[in-house]
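J.: Please see the structure below; I have some questions.
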Number of protein chains: 4
Amino acid sequence: MLLGFSSSSRTSSRAEDENEDVEVLNSEYGKNVIKLLRIRRDDKKHFIKEVEACVHIRLDSVNEYLHGENSAVIPTDTMKNIVLALAKCKGIQTIEQFALDICNHFISSYCHVVYVKAYVQEVPWRRLEKNGIPHVHSFICVPEGIRFCEAEQCQNGCPLVLSGIKELKLKKTTQSGFQGFHRDKYTTIPDRTDRVLSAELFCKWSYGECQDIDFDCVWDTVHESVLEAFSGPPDCGEYSPSHQKTVNNIQMLTLARIPQIQEIEVTLNNIYYDDIDLKKFGLTNEKEVLIPVEIPYASYTCTLGRKKCLREQA
Amino acid sequence: MLLGFSSSSRTSSRAEDENEDVEVLNSEYGKNVIKLLRIRRDDKKHFIKEVEACVHIRLDSVNEYLHGENSAVIPTDTMKNIVLALAKCKGIQTIEQFALDICNHFISSYCHVVYVKAYVQEVPWRRLEKNGIPHVHSFICVPEGIRFCEAEQCQNGCPLVLSGIKELKLKKTTQSGFQGFHRDKYTTIPDRTDRVLSAELFCKWSYGECQDIDFDCVWDTVHESVLEAFSGPPDCGEYSPSHQKTVNNIQMLTLARIPQIQEIEVTLNNIYYDDIDLKKFGLTNEKEVLIPVEIPYASYTCTLGRKKCLREQA
Amino acid sequence: MLLGFSSSSRTSSRAEDENEDVEVLNSEYGKNVIKLLRIRRDDKKHFIKEVEACVHIRLDSVNEYLHGENSAVIPTDTMKNIVLALAKCKGIQTIEQFALDICNHFISSYCHVVYVKAYVQEVPWRRLEKNGIPHVHSFICVPEGIRFCEAEQCQNGCPLVLSGIKELKLKKTTQSGFQGFHRDKYTTIPDRTDRVLSAELFCKWSYGECQDIDFDCVWDTVHESVLEAFSGPPDCGEYSPSHQKTVNNIQMLTLARIPQIQEIEVTLNNIYYDDIDLKKFGLTNEKEVLIPVEIPYASYTCTLGRKKCLREQA
Amino acid sequence: MLLGFSSSSRTSSRAEDENEDVEVLNSEYGKNVIKLLRIRRDDKKHFIKEVEACVHIRLDSVNEYLHGENSAVIPTDTMKNIVLALAKCKGIQTIEQFALDICNHFISSYCHVVYVKAYVQEVPWRRLEKNGIPHVHSFICVPEGIRFCEAEQCQNGCPLVLSGIKELKLKKTTQSGFQGFHRDKYTTIPDRTDRVLSAELFCKWSYGECQDIDFDCVWDTVHESVLEAFSGPPDCGEYSPSHQKTVNNIQMLTLARIPQIQEIEVTLNNIYYDDIDLKKFGLTNEKEVLIPVEIPYASYTCTLGRKKCLREQA
């Protein structure tokens with residue numbers, strides 16, 4: 001069945017109720033939006049990671065759902081405490097490592113937790129500087145794409161981790177067009193060879209293996225590759241024949257540059273810019289004044305992966 | 001692999017690229033947040049449906065992604081036009097029927113569309129009345145749970161539809177507790193036998209078959225069942241031993257009352273109310289003043305279905 | 001004069017700094033978004049008020065700003081504690097009375113507080129019922145216009161209070177037009193005699209005197225008057241020749257019905273509904289399918305008051 | 001006097017109604033959230049300003065409110081057209097100049113417009129660069145404080161303009177404390193000499209005269225001064241004894257550096273960071289893990305101006 005309930009990952013062997021008519025097909029619970037600030041002090045110099053974490057688990061029985069029997073239930077308050085304690089003990093080197101630490105704790109501490117997933121996103125604090133001198137303890141929030149990650153682990157399984165960028169807003173004022181598309185009675189847009197491309201980008205990627213990955217380096221390289229594939233060379237740009245092709249260019253460049261990435265999903269949400277006619281006011285308008293149309297908006301998603309045979313060799 | 005990319009429904013037989021290294025694992029695109037108001041006039045009396053629709057499709061090739069070859073691409077602007085035209089031609093009897101009409105149009109009109117999904121939600125306009133007399137053309141927006149639906153269809157497949165309620169906020173000031181749960185070194189909460197239960201509920205359900213369903217009647221019955229299972233009898237309520245059990249009670253009551261429902265997912269997002277100590281100000285506080293703690297919040301999700309054997313008999 | 005929370009009324013006699021160049025023209029500080037739930041129990045039947053309060057004060061000196069001298073500063077944490085303690089001691093009969101209680105506490109407890117203002121809004125919980133029987137302790141959130149109030153008081157002054165409704169969304173599908181307006185070279189809209197009027201309304205009003213007012217009764221009457229003046233008689237409605245006139249009708253009806261109201265400000269934010277042309281698809285469209293255009297939106301504000309001479313007589 | 005957009009300055013001489021009981025105390029209307037993108041092309045290099053504008057006017061009579069007489073009403077659709085036409089004709093050198101152009105157009109074109117105000121904010125697009133080479137036509141959205149302005153003008157009056165920064169989020173992990181404050185029975189916080197200071201800042205300022213001001217230069221200098229006064233020297237910071245003093249430091253530095261600024265209002269909204277006790281888990285916590293408490297939050301506002309005598313000399 002294609003139609004998905006929100007949790008895409010049902011485990012097949014769920015404990016069944018004595019109730020002969022119904023069965024639990026999925027269950028999970030946890031704590032969302034656990035915010036915390038982790039400060040590391042190297043003498044007078046302070047380093048910070050401010051994050052927002054969510055942790056969900058699935059137990060090996062569903063007695064709390066069916067019978068109100070709570071003995072196996074780890075309270076979500078306890079889950080929050082664990083996240084805080086891990087932030088203290090392990091620190092937050094990267095959000096990915098922190099998400100893996102969370103998964104590892106639940107799987108190794110509780111044998112009745114059959115599955116855990118953690119989502120962590122980072123508040124984009126950047127160290128202030130004055131005339132090129134970095135400030136020892138002051139920061140400014142500069143969101144140019146939010147970094148997030150997801151990790152998950154099954155009891156007796158290896159951890160998996162995804163990294164991502166969201167809310168990255170890019171614009172180019174030319175070198176974008178769309179023509180030669182399917183036409184029928186419901187088509188009203190013309191072919192266009194020069195338009196504004198203004199989009200919010202989302203992407204996330206998986207790794208072949210989770211070990212020995214420099215998550216910071218990969219994230220920075222993906223971020224840079226997205227900007228580069230979107231914009232093209234600084235002196236002239238590069239023509240985009242469709243939003244779809246731009247999505248693919250981003251993916252191809254990323255996969256080419258970063259061998260650790262196994263699959264990458266990119267979503268481009270496009271805001272249309274309407275050329276407006278000012279002739280009625282005695283004015284020309286050679287795409288000098290445009291109006292953004294934020295809804296409805298077009299969305300393009302593609303997941304590109306390295307081929308399986310190649311994966312198996314790797 | 002459990003770890004899901006956002007689209008849970010990858011089709012296995014994707015056209016592959018000549019590119020020997022990579023393959024497209026998923027792709028879809030469409031138009032989001034298409035807002036429209038449909039008015040039906042019966043002489044002076046007006047009937048309205050205001051909706052917000054999203055439509056996504058997947059094509060049988062990915063040449064636009066890989067090669068910038070647009071000839072098969074149905075523009076998202078065309079997709080919006082189709083939604084508007086269908087609203088005119090078919091009307092919007094229910095959002096579910098409208099979502100099915102959208103799916104049907106894409107599948108039957110375009111043989112190269114291998115998959116379509118439509119999401120529709122309804123703005124909760126309620127007819128005004130004065131002294132019990134309904135107004136012929138005036139309405140007030142009263143959100144007490146937003147009605148939405150999702151439909152999807154594959155080329156050569158049957159349509160599937162889900163209905164749902166979201167953003168339904170309920171509260172009970174007693175008859176809720178939580179005790180006997182798992183305790184370890186990270187546990188700090190005490191057993192509680194009387195607490196406030198304040199939650200935002202989300203639920204969605206699938207049907208065994210899509211034909212001849214009175215979607216309005218089912219939605220109203222689910223809505224009523226959620227309120228009833230949450231609150232219990234009006235004169236005394238019913239004790240909830242955990243949020244999980246409340247989730248299950250909602251599901252059991254719904255499945256018992258509505259035979260057409262095959263599976264139901266319920267998510268309860270709980271806002272914790274903190275008892276505050278006013279003794280330092282010389283005041284008692286017998287749970288008379290509480291503070292809502294909106295983040296972090298606990299989330300409980302369960303999907304309950306009728307057993308397969310029973311389904312097959314049906 | 002209507003008291004505006006956002007526009008702080010400056011006190012003229014501000015302490016000046018020794019600094020000869022600059023002067024403090026205004027200062028105030030406080031705690032925003034203090035959320036609390038107040039439960040009153042009458043045996044098994046529970047009554048609730050959930051509110052969000054803001055409290056700001058101005059001190060009789062500004063030494064903390066100019067010299068870092070904190071001795072007069074009441075911490076905002078203390079301000080929050082006072083709000084919680086008042087909720088316990090005084091209860092929350094109405095949000096207006098609660099706001100007045102807050103103002104009174106600060107003015108009477110601290111002689112160096114020269115000015116206090118309190119904003120309180122109420123979460124729109126409605127008691128659940130089953131077959132007409134009200135539930136003893138369960139509630140549903142039903143926002144059909146949020147109730148709020150503002151109170152302020154100066155040291156040695158009388159308290160002032162405003163009540164208000166915000167986020168009230170109304171729609172009528174006919175009996176609205178706009179014609180005969182000013183035309184010039186920048187005018188592109190035609191005269192219209194039949195259009196959809198869909199608006200978010202905001203209104204707030206002041207009282208001649210704050211004593212012995214039944215705030216609940218006044219609020220309900222204003223709410224009802226807004227709906228009635230907006231929609232007209234249920235069998236036929238009433239023609240609105242402009243949004244401005246609808247604003248005025250609401251004000252006139254309110255002032256006529258509620259003698260305690262001295263001034264009333266009404267803001268109507270209009271969402272335009274665009275008639276779309278479906279002829280290109282071979283379809284007629286007699287205002288059956290319309291598209292809401294949420295931005296830009298038009299906003300109309302008017303404050304109407306009883307004439308001064310009449311006030312003085314009152 | 002600082003001009004507040006939200007607080008509309010009432011004109012004293014309002015046309016009165018024949019209605020003997022009521023009078024219009026204020027009225028204004030306009031178009032909000034007019035979004036537009038202005039592109040200027042210098043051969044292959046493109047320069048952009050994307051803005052969101054609001055324009056409100058007050059007419060010299062209120063016949064449209066009282067009598068449904070529309071002949072003087074300039075439709076808000078026309079107002080939007082004027083903004084678009086001005087963006088084409090005048091360009092958008094700075095948002096301040098654009099706001100002044102809007103005011104000037106309404107006052108000079110319509111003698112029955114007694115008052116106009118314009119609010120303009122800018123989308124923070126930054127030109128992309130690759131290895132230090134600026135891109136000719138590609139941009140990234142980097143919000144580190146949103147630039148906005150307000151202008152207003154009365155018929156026969158001079159225009160006034162305010163510039164501002166909003167949504168600027170700054171944090172310092174030490175060099176902040178609060179002690180020696182007023183204590184009473186409702187005080188529960190201790191003196192603190194080392195805490196995190198994390199705030200969202202808002203500031204706006206007026207100019208002595210609007211002519212010949214380099215608005216870009218002033219805005220950049222204010223932005224830089226805010227960061228500098230907040231954080232102190234990069235190698236050690238500067239101790240803040242209260243949020244109020246930090247507000248004042250920002251104002252003093254700004255007024256000292258920029259002689260054109262006449263008054264400056266600064267609001268600091270503080271997010272409290274809670275030190276958490278991890279001893280129960282066998283862990284120390286020397287302010288290494290903290291939890292942000294976003295509500296309730298404290299807000300501190302002060303308006304500082306150059307003294308009048310000095311102004312008159314200027």
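Every chain in the structure tokens has a letter given in the order shown (A, B, ...), and although residue numbers restart at 1 in each chain, ligands are simply numbered from 1 in the order shown.
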What are the closest atom pairs, with distances in Å to one decimal, for each residue of chain D lying within 7 Å of chain A, using only C-alpha atoms, rows by chain and rising residue number, as JSON lines?

T.:
{"residue": "D:Lys35", "atom": "CA", "partner": "A:Ile291", "partner_atom": "CA", "distance": 6.2}
{"residue": "D:Leu36", "atom": "CA", "partner": "A:Ile291", "partner_atom": "CA", "distance": 4.6}
{"residue": "D:Leu37", "atom": "CA", "partner": "A:Leu290", "partner_atom": "CA", "distance": 5.1}
{"residue": "D:Arg38", "atom": "CA", "partner": "A:Val289", "partner_atom": "CA", "distance": 4.8}
{"residue": "D:Ile39", "atom": "CA", "partner": "A:Glu288", "partner_atom": "CA", "distance": 4.8}
{"residue": "D:Arg40", "atom": "CA", "partner": "A:Glu288", "partner_atom": "CA", "distance": 6.4}
{"residue": "D:Ala85", "atom": "CA", "partner": "A:Leu278", "partner_atom": "CA", "distance": 7.0}
{"residue": "D:Ala87", "atom": "CA", "partner": "A:Val289", "partner_atom": "CA", "distance": 6.9}
{"residue": "D:Lys88", "atom": "CA", "partner": "A:Val289", "partner_atom": "CA", "distance": 6.1}
{"residue": "D:Glu129", "atom": "CA", "partner": "A:Pro234", "partner_atom": "CA", "distance": 6.8}
{"residue": "D:Lys130", "atom": "CA", "partner": "A:Pro234", "partner_atom": "CA", "distance": 6.5}
{"residue": "D:Ile133", "atom": "CA", "partner": "A:Pro234", "partner_atom": "CA", "distance": 6.6}
{"residue": "D:Pro134", "atom": "CA", "partner": "A:Pro234", "partner_atom": "CA", "distance": 6.2}
{"residue": "D:His135", "atom": "CA", "partner": "A:Pro234", "partner_atom": "CA", "distance": 3.9}
{"residue": "D:Val136", "atom": "CA", "partner": "A:Asp235", "partner_atom": "CA", "distance": 5.8}
{"residue": "D:His137", "atom": "CA", "partner": "A:Lys172", "partner_atom": "CA", "distance": 5.5}
{"residue": "D:Ser138", "atom": "CA", "partner": "A:Lys172", "partner_atom": "CA", "distance": 4.3}
{"residue": "D:Phe139", "atom": "CA", "partner": "A:Lys171", "partner_atom": "CA", "distance": 5.1}
{"residue": "D:Ile140", "atom": "CA", "partner": "A:Leu170", "partner_atom": "CA", "distance": 4.6}
{"residue": "D:Cys141", "atom": "CA", "partner": "A:Lys169", "partner_atom": "CA", "distance": 5.4}
{"residue": "D:Val142", "atom": "CA", "partner": "A:Glu144", "partner_atom": "CA", "distance": 5.2}
{"residue": "D:Pro143", "atom": "CA", "partner": "A:Val142", "partner_atom": "CA", "distance": 6.2}
{"residue": "D:Glu144", "atom": "CA", "partner": "A:Val142", "partner_atom": "CA", "distance": 5.2}
{"residue": "D:Lys169", "atom": "CA", "partner": "A:Cys141", "partner_atom": "CA", "distance": 5.4}
{"residue": "D:Leu170", "atom": "CA", "partner": "A:Ile140", "partner_atom": "CA", "distance": 4.6}
{"residue": "D:Lys171", "atom": "CA", "partner": "A:Phe139", "partner_atom": "CA", "distance": 5.2}
{"residue": "D:Lys172", "atom": "CA", "partner": "A:Ser138", "partner_atom": "CA", "distance": 4.3}
{"residue": "D:Thr173", "atom": "CA", "partner": "A:His137", "partner_atom": "CA", "distance": 5.6}
{"residue": "D:Thr174", "atom": "CA", "partner": "A:His137", "partner_atom": "CA", "distance": 6.8}
{"residue": "D:Ser231", "atom": "CA", "partner": "A:Ser138", "partner_atom": "CA", "distance": 5.8}
{"residue": "D:Pro234", "atom": "CA", "partner": "A:His135", "partner_atom": "CA", "distance": 3.9}
{"residue": "D:Asp235", "atom": "CA", "partner": "A:Val136", "partner_atom": "CA", "distance": 5.8}
{"residue": "D:Cys236", "atom": "CA", "partner": "A:Val136", "partner_atom": "CA", "distance": 6.6}
{"residue": "D:Leu278", "atom": "CA", "partner": "A:Ala85", "partner_atom": "CA", "distance": 7.0}
{"residue": "D:Glu288", "atom": "CA", "partner": "A:Ile39", "partner_atom": "CA", "distance": 4.8}
{"residue": "D:Val289", "atom": "CA", "partner": "A:Arg38", "partner_atom": "CA", "distance": 4.7}
{"residue": "D:Leu290", "atom": "CA", "partner": "A:Leu37", "partner_atom": "CA", "distance": 5.1}
{"residue": "D:Ile291", "atom": "CA", "partner": "A:Leu36", "partner_atom": "CA", "distance": 4.6}
{"residue": "D:Pro292", "atom": "CA", "partner": "A:Leu36", "partner_atom": "CA", "distance": 6.3}

J.: Could you turn the residues from that selection into a file that holds N, CA, C and O atoms, as a compact mmCIF listing (two decimals), in the first residue's frame?

T.:
# COMPACT_ATOMS: atom_id res chain seq x y z
N LYS D 35 4.13 43.16 -1.44
CA LYS D 35 5.46 42.63 -1.68
C LYS D 35 5.89 42.91 -3.11
O LYS D 35 5.08 42.76 -4.03
N LEU D 36 7.13 43.27 -3.28
CA LEU D 36 7.63 43.47 -4.64
C LEU D 36 9.13 43.30 -4.67
O LEU D 36 9.83 43.50 -3.68
N LEU D 37 9.60 42.90 -5.85
CA LEU D 37 11.03 42.76 -6.10
C LEU D 37 11.41 43.78 -7.16
O LEU D 37 10.82 43.83 -8.23
N ARG D 38 12.40 44.62 -6.86
CA ARG D 38 12.89 45.61 -7.82
C ARG D 38 14.27 45.19 -8.28
O ARG D 38 15.18 45.02 -7.46
N ILE D 39 14.41 44.97 -9.56
CA ILE D 39 15.70 44.56 -10.14
C ILE D 39 16.27 45.72 -10.96
O ILE D 39 15.57 46.32 -11.77
N ARG D 40 17.52 46.02 -10.72
CA ARG D 40 18.23 46.99 -11.55
C ARG D 40 19.38 46.24 -12.22
O ARG D 40 20.10 45.49 -11.56
N ALA D 85 4.08 51.40 -9.27
CA ALA D 85 4.53 52.38 -10.27
C ALA D 85 5.71 53.19 -9.75
O ALA D 85 6.67 53.47 -10.48
N ALA D 87 7.91 52.17 -7.57
CA ALA D 87 9.09 51.29 -7.57
C ALA D 87 9.74 51.30 -8.94
O ALA D 87 10.97 51.27 -9.07
N LYS D 88 8.90 51.34 -9.99
CA LYS D 88 9.44 51.39 -11.35
C LYS D 88 10.09 52.76 -11.63
O LYS D 88 11.23 52.84 -12.10
N GLU D 129 28.89 34.85 -3.29
CA GLU D 129 30.20 34.98 -3.88
C GLU D 129 30.91 33.63 -3.85
O GLU D 129 30.59 32.74 -3.07
N LYS D 130 31.85 33.50 -4.76
CA LYS D 130 32.62 32.25 -4.89
C LYS D 130 34.09 32.63 -4.87
O LYS D 130 34.55 33.37 -5.75
N ILE D 133 34.76 36.23 -5.30
CA ILE D 133 34.22 36.89 -6.49
C ILE D 133 32.70 36.99 -6.37
O ILE D 133 32.02 35.97 -6.25
N PRO D 134 32.16 38.20 -6.38
CA PRO D 134 30.71 38.34 -6.24
C PRO D 134 29.98 37.80 -7.47
O PRO D 134 30.45 37.95 -8.61
N HIS D 135 28.86 37.16 -7.23
CA HIS D 135 28.07 36.61 -8.33
C HIS D 135 27.26 37.72 -9.00
O HIS D 135 26.76 38.61 -8.32
N VAL D 136 27.14 37.63 -10.29
CA VAL D 136 26.43 38.71 -11.00
C VAL D 136 24.93 38.75 -10.74
O VAL D 136 24.32 39.82 -10.80
N HIS D 137 24.31 37.61 -10.45
CA HIS D 137 22.85 37.65 -10.33
C HIS D 137 22.28 36.63 -9.34
O HIS D 137 21.09 36.34 -9.39
N SER D 138 23.10 36.12 -8.41
CA SER D 138 22.57 35.13 -7.46
C SER D 138 22.73 35.62 -6.02
O SER D 138 23.74 36.24 -5.67
N PHE D 139 21.74 35.28 -5.21
CA PHE D 139 21.63 35.84 -3.87
C PHE D 139 21.17 34.79 -2.87
O PHE D 139 20.50 33.82 -3.23
N ILE D 140 21.55 35.00 -1.61
CA ILE D 140 21.11 34.14 -0.53
C ILE D 140 20.46 35.01 0.54
O ILE D 140 20.89 36.14 0.78
N CYS D 141 19.42 34.47 1.17
CA CYS D 141 18.71 35.23 2.21
C CYS D 141 19.41 35.00 3.55
O CYS D 141 19.52 33.87 4.02
N VAL D 142 19.92 36.08 4.14
CA VAL D 142 20.67 35.98 5.39
C VAL D 142 20.10 36.98 6.41
O VAL D 142 20.54 38.13 6.48
N PRO D 143 19.12 36.55 7.18
CA PRO D 143 18.53 37.48 8.13
C PRO D 143 19.37 37.58 9.41
O PRO D 143 19.40 36.66 10.21
N GLU D 144 20.09 38.65 9.56
CA GLU D 144 20.75 38.90 10.86
C GLU D 144 20.30 40.28 11.33
O GLU D 144 21.09 41.19 11.56
N LYS D 169 19.05 38.69 16.81
CA LYS D 169 19.24 37.80 17.96
C LYS D 169 20.71 37.70 18.34
O LYS D 169 21.53 37.27 17.53
N LEU D 170 21.00 38.08 19.57
CA LEU D 170 22.37 38.08 20.06
C LEU D 170 22.46 37.30 21.36
O LEU D 170 21.48 37.18 22.10
N LYS D 171 23.63 36.77 21.61
CA LYS D 171 23.84 35.99 22.82
C LYS D 171 25.26 36.22 23.33
O LYS D 171 26.20 36.32 22.56
N LYS D 172 25.41 36.35 24.66
CA LYS D 172 26.74 36.27 25.26
C LYS D 172 26.65 35.31 26.44
O LYS D 172 25.65 35.26 27.15
N THR D 173 27.69 34.52 26.60
CA THR D 173 27.61 33.42 27.56
C THR D 173 28.16 33.79 28.93
O THR D 173 28.14 32.96 29.84
N THR D 174 28.65 35.00 29.04
CA THR D 174 29.12 35.47 30.35
C THR D 174 29.13 37.00 30.32
O THR D 174 28.60 37.61 29.39
N SER D 231 28.23 43.35 23.03
CA SER D 231 29.25 42.31 23.28
C SER D 231 30.50 42.82 23.98
O SER D 231 31.18 42.06 24.65
N PRO D 234 36.34 42.25 21.95
CA PRO D 234 36.37 40.83 21.57
C PRO D 234 37.20 39.96 22.50
O PRO D 234 36.91 38.77 22.65
N ASP D 235 38.18 40.51 23.15
CA ASP D 235 39.06 39.67 23.97
C ASP D 235 38.52 39.43 25.38
O ASP D 235 38.97 38.51 26.06
N CYS D 236 37.55 40.24 25.83
CA CYS D 236 37.08 40.07 27.21
C CYS D 236 35.62 40.43 27.42
O CYS D 236 35.04 40.11 28.45
N LEU D 278 21.95 18.60 37.63
CA LEU D 278 22.15 17.22 37.17
C LEU D 278 22.71 16.32 38.26
O LEU D 278 23.07 15.18 38.00
N GLU D 288 27.15 24.29 32.09
CA GLU D 288 27.55 23.70 30.81
C GLU D 288 26.33 23.31 29.98
O GLU D 288 26.37 23.33 28.76
N VAL D 289 25.26 22.93 30.66
CA VAL D 289 24.01 22.61 29.98
C VAL D 289 22.93 23.52 30.55
O VAL D 289 22.69 23.51 31.76
N LEU D 290 22.31 24.30 29.70
CA LEU D 290 21.25 25.21 30.14
C LEU D 290 20.03 25.03 29.25
O LEU D 290 20.15 24.59 28.09
N ILE D 291 18.88 25.40 29.81
CA ILE D 291 17.64 25.26 29.06
C ILE D 291 17.03 26.63 28.81
O ILE D 291 16.80 27.38 29.75
N PRO D 292 16.79 26.97 27.55
CA PRO D 292 16.14 28.25 27.28
C PRO D 292 14.67 28.22 27.68
O PRO D 292 13.98 27.24 27.40

J.: List every residue of stretch 43-134 of chain C that DSSP, applied to the backbone of this structure, assigns to strand (DSSP E), and report them as an MDAnalysis selection string.

T.: chainID C and resid 45:59 113:122 125:130 133:134

J.: Any idea what's packed within 12 Å of A:Thr246, counting only C-alpha atoms, ignoring anything in its chain fewer than 4 positions away? Could you give it as a PyMOL selection string?

T.: (chain A and resi 172+175-178+197-199+201+225-232+238-242+250-253+266-270+300-302) or (chain B and resi 64-68)

J.: Determine the nearest neighbour of B:Asp214 from the options B:Val62, B:Ile74, B:Val114, B:Ile95, counting only C-alpha atoms.

T.: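 Closest residue, counting only C-alpha atoms: B:Ile95.
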
J.: Got a sec: who's within 8 Å of D:Leu304, counting only C-alpha atoms, leaving out chain neighbours fewer than 6 positions off, as a list of chain:residue names?

T.: C:Val22, C:Glu23, C:Val24, C:Leu25, C:Asn26, D:Gln251, D:Glu263, D:Ile264, D:Glu265

J.: Go ahead and write the residues just picked, C-alpha atoms, as a CSV table (one decimal), in the first residue's frame.

T.:
chain,number,residue,atom,x,y,z
C,22,VAL,CA,20.6,63.2,26.5
C,23,GLU,CA,17.3,62.6,28.2
C,24,VAL,CA,15.2,59.5,28.7
C,25,LEU,CA,11.9,60.1,26.9
C,26,ASN,CA,10.3,56.9,27.8
D,251,GLN,CA,21.6,53.9,22.8
D,263,GLU,CA,16.0,59.8,19.3
D,264,ILE,CA,16.5,56.1,19.6
D,265,GLU,CA,14.2,53.5,21.0

J.: For the atom pair atom CA of D:Gly164 and atom CA of C:Lys166, what is the interatomic distance in Å to one decimal place?

T.: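 Separation between atom CA of D:Gly164 and atom CA of C:Lys166: 27.1 Å.
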
J.: Give the answer as one residue: which of A:Cys217, A:Ala298, A:Cys203, A:Cys158 has the shortest atom-to-atom distance to A:His243, using only C-alpha atoms?

T.: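 Of A:Cys217, A:Ala298, A:Cys203, A:Cys158, the one nearest A:His243, counting only C-alpha atoms, is A:Ala298.
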
J.: What does the structure give for the distance between atom CA of B:Arg192 and atom CA of A:Ala118, in Å to one decimal?

T.: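 Atom-to-atom, atom CA of B:Arg192 and atom CA of A:Ala118 are spaced 27.7 Å apart.
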
J.: DSSP on the backbone, then: every residue of stretch 40-284 of chain D marked helix (DSSP H, G or I), written as number ranges by chain.

T.: D: 63-67, 76-90, 95-109, 215-231, 243-257, 279-281

J.: Report as a ChimeraX atom specification all protein, DNA and RNA residues lying within 9 Å of D:Phe148, evaluated on only C-alpha atoms, omitting residues in the same chain fewer than 2 positions from it.

T.: /D:95-96,119-122,146,150,162-166,204
